[in-house]
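Listing of upload29.cif, mmCIF, C-alpha atoms and all ligand atoms
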```
data_upload
#
loop_
_atom_site.label_atom_id
_atom_site.label_comp_id
_atom_site.auth_asym_id
_atom_site.auth_seq_id
_atom_site.Cartn_x
_atom_site.Cartn_y
_atom_site.Cartn_z
CA ALA I 49 19.18 10.85 2.58
CA LEU I 50 19.09 7.84 4.87
CA CYS I 51 21.66 5.02 4.97
CA ALA I 52 19.28 2.16 4.29
CA SER I 53 19.48 -0.12 1.27
CA PRO I 54 16.86 -2.48 -0.17
CA ILE I 55 18.52 -5.90 -0.44
CA GLY I 56 15.56 -8.19 -1.12
CA ILE I 57 11.91 -8.17 -2.10
CA GLY I 58 8.98 -10.59 -2.07
CA SER I 59 5.22 -10.60 -2.34
CA CYS I 60 2.15 -12.77 -1.94
CA ALA I 61 -1.32 -12.42 -3.41
CA PRO I 62 -4.21 -14.77 -2.64
CA GLU I 63 -5.14 -17.33 -5.29
CA SER I 64 -8.83 -16.43 -5.69
CA ILE I 65 -9.50 -14.09 -8.59
CA VAL I 66 -12.58 -11.86 -8.76
CA SER I 67 -13.06 -10.41 -12.25
CA ASN I 68 -15.02 -7.32 -13.24
CA ASP I 69 -17.60 -9.65 -14.80
CA ASP I 70 -17.94 -11.46 -11.44
CA LEU I 71 -18.69 -8.08 -9.81
CA ALA I 72 -21.22 -7.23 -12.52
CA GLU I 73 -23.23 -10.20 -11.24
CA MET I 74 -23.26 -8.73 -7.74
CA VAL I 75 -23.81 -4.98 -8.31
CA ASP I 76 -25.03 -2.74 -11.14
CA THR I 77 -21.73 -2.24 -12.98
CA SER I 78 -19.84 -3.50 -16.02
CA ASP I 79 -16.35 -4.56 -17.01
CA GLU I 80 -16.27 -1.59 -19.40
CA TRP I 81 -17.16 0.99 -16.71
CA ILE I 82 -14.64 -0.37 -14.21
CA ALA I 83 -11.81 -0.71 -16.77
CA GLN I 84 -12.37 2.76 -18.22
CA ARG I 85 -12.76 4.63 -14.91
CA THR I 86 -10.10 2.78 -12.93
CA GLY I 87 -7.85 0.59 -15.12
CA ILE I 88 -8.75 -2.47 -13.00
CA SER I 89 -9.72 -5.79 -14.64
CA SER I 90 -9.56 -8.20 -11.72
CA ARG I 91 -8.42 -8.48 -8.13
CA ARG I 92 -7.38 -11.22 -5.69
CA VAL I 93 -9.27 -11.87 -2.47
CA LEU I 94 -8.45 -13.95 0.61
CA ALA I 95 -10.06 -17.38 0.74
CA HIS I 96 -11.70 -18.48 4.01
CA ASP I 97 -8.65 -20.42 5.17
CA GLU I 98 -6.22 -17.57 4.39
CA THR I 99 -5.31 -14.79 6.82
CA LEU I 100 -3.66 -11.41 6.54
CA ALA I 101 -0.74 -12.53 8.73
CA LYS I 102 -0.22 -15.58 6.50
CA ILE I 103 0.13 -13.63 3.25
CA ALA I 104 2.23 -10.99 5.03
CA ALA I 105 4.55 -13.71 6.40
CA THR I 106 4.81 -15.41 3.01
CA ALA I 107 5.80 -12.10 1.39
CA ALA I 108 8.36 -11.46 4.16
CA ALA I 109 9.82 -14.98 3.91
CA ARG I 110 10.18 -14.60 0.14
CA ALA I 111 11.92 -11.24 0.59
CA LEU I 112 14.39 -12.76 3.10
CA GLU I 113 15.08 -15.62 0.71
CA ASN I 114 15.62 -13.14 -2.12
CA ALA I 115 18.03 -11.16 0.09
CA ASP I 116 19.72 -14.39 1.30
CA VAL I 117 19.30 -13.23 4.90
CA ASP I 118 18.94 -15.63 7.85
CA PRO I 119 15.66 -14.71 9.64
CA SER I 120 17.30 -15.01 13.06
CA THR I 121 19.57 -12.05 12.19
CA VAL I 122 16.65 -9.67 11.53
CA ASP I 123 16.48 -6.85 14.10
CA LEU I 124 13.16 -5.25 13.20
CA VAL I 125 9.89 -6.31 11.56
CA ILE I 126 7.34 -3.62 10.72
CA VAL I 127 3.97 -4.57 9.25
CA ALA I 128 1.97 -1.76 7.69
CA THR I 129 -1.68 -2.76 7.61
CA SER I 130 -5.14 -1.37 8.31
CA SER I 131 -6.80 -4.79 8.23
CA PRO I 132 -4.91 -7.02 10.69
CA ASP I 133 -6.24 -10.39 11.86
CA ASP I 134 -5.65 -9.22 15.42
CA LEU I 135 -6.48 -5.61 16.28
CA PHE I 136 -3.51 -5.59 18.66
CA GLY I 137 -1.31 -6.02 15.59
CA ASP I 138 -0.04 -8.73 13.25
CA ALA I 139 3.69 -7.92 13.22
CA THR I 140 4.61 -10.31 16.05
CA ALA I 141 2.69 -13.12 14.32
CA VAL I 142 4.59 -12.39 11.11
CA ALA I 143 7.95 -12.28 12.94
CA ALA I 144 7.19 -15.62 14.62
CA ALA I 145 6.06 -17.22 11.36
CA ILE I 146 9.24 -16.25 9.50
CA GLY I 147 11.57 -17.21 12.35
CA ALA I 148 12.71 -13.66 13.13
CA ARG I 149 13.04 -14.65 16.78
CA ASN I 150 15.49 -11.88 17.69
CA ALA I 151 13.53 -9.06 16.11
CA VAL I 152 11.28 -6.46 17.67
CA ALA I 153 8.03 -6.28 15.72
CA PHE I 154 5.23 -3.74 15.54
CA ASP I 155 2.49 -2.52 13.21
CA ILE I 156 1.94 0.82 11.53
CA THR I 157 -1.52 1.97 10.45
CA ALA I 158 -1.61 4.56 7.71
CA ALA I 159 -4.02 3.06 5.16
CA CYS I 160 -2.67 3.16 1.61
CA SER I 161 0.34 5.24 2.73
CA GLY I 162 1.25 2.54 5.26
CA PHE I 163 4.07 0.85 3.36
CA LEU I 164 5.72 4.14 2.55
CA PHE I 165 5.49 5.37 6.15
CA ALA I 166 6.85 2.01 7.38
CA LEU I 167 9.72 2.12 4.89
CA VAL I 168 10.79 5.54 6.11
CA THR I 169 10.32 4.53 9.77
CA GLY I 170 12.40 1.36 9.38
CA SER I 171 15.10 3.25 7.52
CA GLN I 172 15.51 5.66 10.46
CA PHE I 173 16.50 2.76 12.76
CA LEU I 174 19.11 1.62 10.22
CA HIS I 175 20.41 5.10 9.51
CA SER I 176 20.82 5.82 13.23
CA GLY I 177 22.86 2.65 13.61
CA ALA I 178 20.40 1.16 16.12
CA TYR I 179 19.69 -1.83 13.86
CA GLU I 180 21.39 -3.57 10.95
CA THR I 181 18.54 -5.41 9.20
CA ALA I 182 14.82 -4.71 8.93
CA VAL I 183 11.90 -6.34 7.15
CA VAL I 184 9.20 -3.89 6.10
CA VAL I 185 5.89 -5.44 5.05
CA GLY I 186 2.83 -3.79 3.52
CA ALA I 187 -0.29 -5.96 3.61
CA ASP I 188 -4.02 -5.44 3.50
CA ALA I 189 -7.21 -7.40 2.98
CA LEU I 190 -9.82 -4.72 2.45
CA SER I 191 -12.11 -7.37 0.94
CA ARG I 192 -13.00 -8.01 4.60
CA TRP I 193 -14.13 -4.44 5.14
CA VAL I 194 -15.70 -3.39 1.90
CA ASP I 195 -19.47 -3.25 1.39
CA TRP I 196 -19.96 -5.76 -1.44
CA ASP I 197 -23.27 -4.05 -2.28
CA ASP I 198 -21.62 -0.65 -2.79
CA ARG I 199 -20.52 -0.39 -6.41
CA GLY I 200 -18.65 2.84 -5.64
CA THR I 201 -16.07 1.02 -3.51
CA CYS I 202 -16.25 -2.77 -4.00
CA ILE I 203 -14.86 -2.56 -7.53
CA LEU I 204 -11.65 -0.90 -6.35
CA PHE I 205 -10.04 -3.10 -3.74
CA GLY I 206 -8.07 -6.33 -3.72
CA ASP I 207 -5.97 -8.19 -1.14
CA GLY I 208 -2.22 -8.61 -1.17
CA ALA I 209 1.12 -8.27 0.59
CA GLY I 210 4.65 -7.24 -0.30
CA ALA I 211 7.87 -6.96 1.70
CA VAL I 212 11.30 -5.41 1.41
CA VAL I 213 14.43 -6.32 3.37
CA LEU I 214 16.48 -3.26 4.31
CA ALA I 215 20.07 -3.26 5.50
CA ASN I 216 22.42 -0.58 6.67
CA SER I 217 25.05 -1.02 4.01
CA GLY I 218 26.49 2.44 4.62
CA ALA I 219 25.00 3.65 1.33
CA PRO I 220 22.38 6.43 1.38
CA ASP I 221 19.94 4.54 -0.86
CA LEU I 222 16.85 6.21 0.56
CA LEU I 223 17.76 9.38 -1.29
CA GLY I 224 14.98 11.59 0.06
CA TYR I 225 11.46 11.49 1.45
CA GLU I 226 8.50 13.66 2.45
CA LEU I 227 5.50 12.54 4.55
CA LYS I 228 2.21 14.40 5.06
CA SER I 229 -1.16 14.04 6.76
CA ASN I 230 -4.34 16.05 7.14
CA GLY I 231 -6.95 14.86 9.62
CA LEU I 232 -9.32 17.70 8.77
CA ASP I 233 -10.32 15.90 5.54
CA ARG I 234 -10.42 12.38 6.97
CA GLN I 235 -14.18 12.06 6.37
CA HIS I 236 -13.55 11.45 2.65
CA LEU I 237 -12.29 7.91 3.27
CA GLN I 238 -13.04 5.97 6.44
CA LEU I 239 -13.52 2.58 8.00
CA PRO I 240 -15.58 3.67 10.99
CA TYR I 241 -15.87 1.80 14.25
CA ALA I 242 -19.54 0.96 14.61
CA GLY I 243 -19.57 -0.73 17.98
CA ASP I 244 -20.32 0.77 21.36
CA GLU I 245 -17.32 2.98 22.03
CA ARG I 246 -17.67 3.03 25.83
CA PRO I 247 -19.57 -0.13 26.84
CA ILE I 248 -18.35 -0.05 30.46
CA ARG I 249 -20.21 3.17 31.23
CA ARG I 250 -23.46 1.51 30.28
CA MET I 251 -22.43 -1.74 31.96
CA SER I 252 -23.23 -3.63 28.78
CA VAL I 253 -21.26 -5.89 26.55
CA SER I 254 -20.21 -4.28 23.29
CA THR I 255 -21.51 -6.05 20.24
CA GLY I 256 -18.58 -4.41 18.46
CA GLY I 257 -17.84 -4.34 14.81
CA TYR I 258 -17.02 -2.01 12.01
CA ALA I 259 -19.14 -0.35 9.39
CA PRO I 260 -17.84 -0.91 5.87
CA ILE I 261 -15.49 1.47 4.08
CA THR I 262 -17.05 4.80 3.17
CA MET I 263 -15.49 6.90 0.44
CA ASN I 264 -16.11 10.12 -1.43
CA GLY I 265 -14.37 8.98 -4.61
CA ARG I 266 -14.31 12.37 -6.31
CA GLU I 267 -12.76 14.10 -3.29
CA VAL I 268 -10.13 11.36 -2.90
CA TYR I 269 -9.37 11.63 -6.60
CA LYS I 270 -8.93 15.42 -6.38
CA PHE I 271 -6.79 15.10 -3.25
CA ALA I 272 -4.51 12.51 -4.90
CA THR I 273 -3.98 14.39 -8.16
CA ARG I 274 -3.37 17.65 -6.27
CA GLU I 275 -1.04 16.43 -3.50
CA VAL I 276 0.91 13.52 -4.99
CA PRO I 277 2.83 15.49 -7.65
CA SER I 278 3.88 18.10 -5.06
CA VAL I 279 4.94 15.57 -2.42
CA ILE I 280 7.06 13.75 -5.03
CA LYS I 281 8.64 17.05 -6.07
CA ALA I 282 9.41 17.81 -2.40
CA ALA I 283 11.01 14.37 -1.89
CA LEU I 284 13.04 14.78 -5.09
CA SER I 285 14.18 18.20 -3.94
CA ASN I 286 15.19 16.70 -0.54
CA ALA I 287 17.21 14.14 -2.51
CA GLY I 288 18.86 16.92 -4.50
CA ILE I 289 17.58 15.57 -7.83
CA GLY I 290 14.75 16.32 -10.27
CA PRO I 291 12.10 14.36 -12.23
CA GLN I 292 14.58 13.92 -15.10
CA ASP I 293 16.69 11.70 -12.80
CA VAL I 294 13.82 9.30 -12.08
CA ASP I 295 13.93 5.90 -13.82
CA TRP I 296 10.58 4.68 -12.49
CA LEU I 297 7.47 6.20 -10.98
CA LEU I 298 5.77 3.81 -8.56
CA LEU I 299 2.53 5.14 -7.12
CA HIS I 300 0.07 3.49 -4.80
CA GLN I 301 -2.06 1.45 -7.23
CA ALA I 302 -5.46 3.12 -6.86
CA ASN I 303 -6.56 4.32 -10.28
CA ILE I 304 -4.80 4.43 -13.66
CA ARG I 305 -6.10 7.95 -14.30
CA ILE I 306 -4.45 9.19 -11.10
CA MET I 307 -1.15 7.64 -12.30
CA GLU I 308 -1.48 9.27 -15.73
CA THR I 309 -2.20 12.67 -14.21
CA VAL I 310 0.68 12.48 -11.72
CA ALA I 311 3.16 11.34 -14.41
CA ASP I 312 1.97 14.15 -16.64
CA ARG I 313 2.35 16.78 -13.89
CA LEU I 314 5.90 15.59 -13.26
CA GLY I 315 6.69 15.67 -16.99
CA LEU I 316 7.36 11.92 -17.03
CA PRO I 317 6.28 9.67 -19.92
CA PHE I 318 3.82 6.91 -19.00
CA ASP I 319 6.36 4.20 -19.92
CA LYS I 320 8.19 5.10 -16.70
CA VAL I 321 5.16 4.19 -14.61
CA LEU I 322 5.20 0.79 -12.87
CA THR I 323 1.76 -0.75 -12.50
CA ASN I 324 0.03 -4.02 -11.67
CA LEU I 325 -3.30 -2.34 -11.06
CA ALA I 326 -5.12 -4.22 -13.84
CA GLU I 327 -4.63 -7.62 -12.14
CA HIS I 328 -4.62 -6.60 -8.47
CA GLY I 329 -6.76 -3.49 -7.99
CA ASN I 330 -6.04 -1.35 -4.94
CA THR I 331 -4.35 -3.53 -2.32
CA SER I 332 -3.87 -0.58 0.06
CA ALA I 333 -0.61 -0.96 2.06
CA GLY I 334 0.29 -3.98 -0.10
CA SER I 335 0.22 -2.17 -3.41
CA ILE I 336 3.67 -0.56 -3.68
CA PRO I 337 5.80 -3.59 -2.67
CA LEU I 338 3.53 -5.97 -4.63
CA ALA I 339 4.01 -3.93 -7.83
CA LEU I 340 7.72 -3.42 -7.13
CA ASP I 341 8.31 -7.14 -6.66
CA ALA I 342 6.79 -7.87 -10.07
CA ALA I 343 8.86 -5.11 -11.69
CA VAL I 344 12.10 -6.34 -10.09
CA LYS I 345 11.45 -10.00 -10.93
CA SER I 346 10.53 -9.19 -14.55
CA GLY I 347 13.81 -7.31 -14.95
CA GLN I 348 12.10 -3.96 -15.55
CA VAL I 349 13.74 -2.43 -12.45
CA LYS I 350 17.50 -2.95 -12.42
CA PRO I 351 20.06 -2.45 -9.65
CA GLY I 352 20.94 1.23 -9.36
CA ASP I 353 17.64 2.48 -10.82
CA VAL I 354 16.08 5.49 -9.08
CA ILE I 355 12.43 4.89 -8.14
CA ALA I 356 10.08 7.66 -7.02
CA CYS I 357 7.45 5.97 -4.81
CA ALA I 358 4.34 7.66 -3.48
CA GLY I 359 1.52 6.47 -1.26
CA PHE I 360 -1.75 8.24 -0.52
CA GLY I 361 -5.02 7.45 1.14
CA ALA I 362 -7.13 7.54 4.24
CA GLY I 363 -6.14 9.79 7.12
CA LEU I 364 -5.79 11.64 4.90
CA SER I 365 -2.15 10.63 4.58
CA TRP I 366 0.35 10.80 1.76
CA GLY I 367 4.08 10.70 1.18
CA ALA I 368 6.91 10.00 -1.23
CA ALA I 369 10.26 8.27 -0.99
CA ILE I 370 13.04 8.28 -3.56
CA ILE I 371 14.88 4.96 -3.52
CA ARG I 372 17.99 3.79 -5.32
CA TRP I 373 17.32 0.09 -6.02
N1 LIG I 401 -20.34 1.01 -12.07
C1 LIG I 401 -21.15 1.78 -12.80
N2 LIG I 401 -21.45 3.05 -12.46
C2 LIG I 401 -20.90 3.52 -11.33
C3 LIG I 401 -20.06 2.76 -10.52
C4 LIG I 401 -19.80 1.45 -10.92
N3 LIG I 401 -18.99 0.62 -10.23
N4 LIG I 401 -19.68 3.50 -9.47
C5 LIG I 401 -20.25 4.70 -9.61
N5 LIG I 401 -21.01 4.71 -10.73
C6 LIG I 401 -21.80 5.83 -11.29
C7 LIG I 401 -22.15 6.85 -10.25
O1 LIG I 401 -23.33 6.49 -9.58
C8 LIG I 401 -22.33 8.09 -11.11
O2 LIG I 401 -23.61 8.04 -11.70
P1 LIG I 401 -24.45 9.40 -11.91
O3 LIG I 401 -23.61 10.23 -12.83
O4 LIG I 401 -25.71 8.89 -12.49
O5 LIG I 401 -24.57 9.99 -10.53
C9 LIG I 401 -21.31 7.91 -12.23
O6 LIG I 401 -21.00 6.51 -12.25
C10 LIG I 401 -20.04 8.71 -12.00
O7 LIG I 401 -19.61 8.54 -10.67
P2 LIG I 401 -18.33 9.21 -10.10
O8 LIG I 401 -18.16 8.83 -8.66
O9 LIG I 401 -18.33 10.68 -10.43
O10 LIG I 401 -17.22 8.50 -11.00
P3 LIG I 401 -15.70 8.82 -11.12
O11 LIG I 401 -15.33 9.06 -12.51
O12 LIG I 401 -15.25 9.82 -10.08
O13 LIG I 401 -15.05 7.40 -10.72
C11 LIG I 401 -13.95 6.39 -8.86
C12 LIG I 401 -15.28 6.86 -9.43
C13 LIG I 401 -13.40 5.30 -9.77
C14 LIG I 401 -14.21 5.80 -7.47
C15 LIG I 401 -12.95 7.57 -8.79
O14 LIG I 401 -13.57 8.68 -8.20
C16 LIG I 401 -11.69 7.24 -8.05
O15 LIG I 401 -10.93 6.37 -8.41
N6 LIG I 401 -11.43 7.97 -6.94
C17 LIG I 401 -10.26 7.74 -6.13
C18 LIG I 401 -10.58 6.64 -5.16
C19 LIG I 401 -9.36 6.07 -4.52
O16 LIG I 401 -8.29 6.04 -5.06
N7 LIG I 401 -9.58 5.53 -3.30
C20 LIG I 401 -8.63 4.79 -2.60
C21 LIG I 401 -7.62 5.66 -1.92
S1 LIG I 401 -6.49 4.71 -1.10
C22 LIG I 401 -6.99 4.21 0.49
O17 LIG I 401 -6.56 4.81 1.49
C23 LIG I 401 -7.90 3.06 0.68
#
```

Kindly return the structure encoded in the file as C-alpha cells.
Ligand code: ACO
Amino acid sequence: ALCASPIGIGSCAPESIVSNDDLAEMVDTSDEWIAQRTGISSRRVLAHDETLAKIAATAAARALENADVDPSTVDLVIVATSSPDDLFGDATAVAAAIGARNAVAFDITAACSGFLFALVTGSQFLHSGAYETAVVVGADALSRWVDWDDRGTCILFGDGAGAVVLANSGAPDLLGYELKSNGLDRQHLQLPYAGDERPIRRMSVSTGGYAPITMNGREVYKFATREVPSVIKAALSNAGIGPQDVDWLLLHQANIRIMETVADRLGLPFDKVLTNLAEHGNTSAGSIPLALDAAVKSGQVKPGDVIACAGFGAGLSWGAAIIRW
C-alpha cells in the first residue's frame, strides 16, 4: 500500500462529436457493427483550435478546483500521454497553464496504461514523503494519429483528458498495485516513426512524421482478456483483499466485450463496471480518469469505495491499481 489519497478529480472532452453514422460515411462500416463489436456509439475529437495541452490543463484545473487546492502549492505534475503537442513533453505547458509554478512537471508515455503508470509513479513521491501534493493527468488525442481510412482502428478512438489530485494524507489509499510490460509483443499495436531516423548521417533534412496507428485487433483483444484479470488479481492480493471487496471495476475503456470478460473472470457482476465507452470510445491515457470523473460526479462512486482500476495497451503494457476513493 502507498500513502497517497485522491482528493479531487476533473476531466475535459472536446466538444465535437463524431457518431458511428458519421464514420459510416467515411469507411465501409455501420453503427450496428461498431456498437455490437465494441460498445461504442460516438466519440469526441479535438477541433482545429484545440490542443492536447489545453484539454489536459482544463482537466487538471477542474481537479484542483474540486480538491480546493491552490495551484501554487502543487509539488508535482505528471502528464501521461502518447500524443503530446510537443514531442519534448506537454507537462510543463500544463503546469504553466494551471499556475502550478512551484511544481516539477514531466510526461510519461505508456499508451493506454499511461494514467495508471503515472498514478503509481506520483504516489511513490507522496509515499516517500518527498512531495505533499501531485496532479496526475491522463490525456490523449489519437484522432491525430489514426488512419481515418482504416475501419479496423478509426472506429475505436476518441480524444479526452482526466486528472486526479493526490495528497499524502497519511492514509494508505493506494491499497495495492501491479505493473507489467512485454516488448516482445509490441508489434500488435504501434504508432511507428516514419521519418528518417538518422538524417545527419546522410546529411539531409528529415521530412519526419509518423505513420498512422497499426493494430492487430484480435491479438490485442486476446492479450487484454488474458492478462487483465490476472494483473487485477495480483494487485488485489498485494492489497490483501479479494474481488469480493471491490465496489467498482474501472478498466481502460477499449471494448465493452473486454470489460464483460474481465468482470466475468473476476466473478464480478456487470453492474459493478464503470463505463463511459459508449459516448467517448477509447481515449487511451484519458479513459480511466475521464470515466472516473463522471462516476464520482454522478454519485455512483462514493467516498470510501474500493475501485479496482486496470489499464492495458501498446508496449505492450498493462497494470492495475486498487484505490480507496
Ligand atoms: N466495420 C465493419 N466491418 C469491420 C470493421 C468495421 N469497422 N472492422 C473490421 N471489420 C470486418 C473485418 O474486415 C472482418 O471481416 P472478414 O471476416 O470478412 O475478414 C470482420 O469484420 C471481423 O474482424 P475482426 O477484426 O475479427 O473483428 P473483431 O470481432 O475482433 O473486432 C475489434 C475488431 C473491435 C478491433 C476487436 O478486435 C477489439 O476491440 N480488439 C481490441 C482492440 C483494442 O482494445 N485496442 C486498443 C488497445 S489500447 C491502446 O494502447 C491504444

So which one's closest to Gly363 of chain I, I:Pro351, I:Leu314, I:Arg234, I:Glu267? Using all atoms listed in the file, please.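 Among the listed residues, the smallest separation from Gly363 of chain I belongs to I:Arg234.
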
Find the spatial neighbours of Ile103 of chain I, counting all atoms listed in the file, within a cut-off of 7 Å - ignore same-chain residues fewer than 6 positions away - and output them as a ChimeraX atom specification. /I:60-61,209

Can you tell me, as a ChimeraX atom specification, what residues are no more than 12 Å from Ala356 of chain I when counting only C-alpha atoms, ignoring any on the same chain fewer than 4 positions away? /I:164,222-226,276-277,279-285,287,289-300,310-311,314,316,320-322,336,340,367-373

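Considering all atoms listed in the file, the residue among I:Asp155, I:Asp198, I:Asp353, I:Glu180 positioned nearest to ligand LIG 401 (chain I) is I:Asp198.
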
Selected residue, from I:Ser120, I:Ala109, I:Pro62, I:Ser217, that lies nearest to Asp97 of chain I when counting all atoms listed in the file: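 Nearest to Asp97 of chain I: I:Pro62.
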
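At a cut-off of 8 Å from (-12.2, 3.4, 2.7), the residue set is Val194, Thr201, Leu237, Gln238, Leu239, Pro260, Ile261, Thr262, Met263 and Ala362 of chain I (counting all atoms listed in the file).
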
Length of the atom CA of Thr169 of chain I to atom CA of Ser53 of chain I vector [Å]: 13.3 Å

Closest to ligand LIG 401 (chain I) among I:Leu325, I:Ala107, I:Val117, I:Val122, using only C-alpha atoms and all ligand atoms?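 Checking each of I:Leu325, I:Ala107, I:Val117, I:Val122 against ligand LIG 401 (chain I), counting only C-alpha atoms and all ligand atoms, the winner is I:Leu325.
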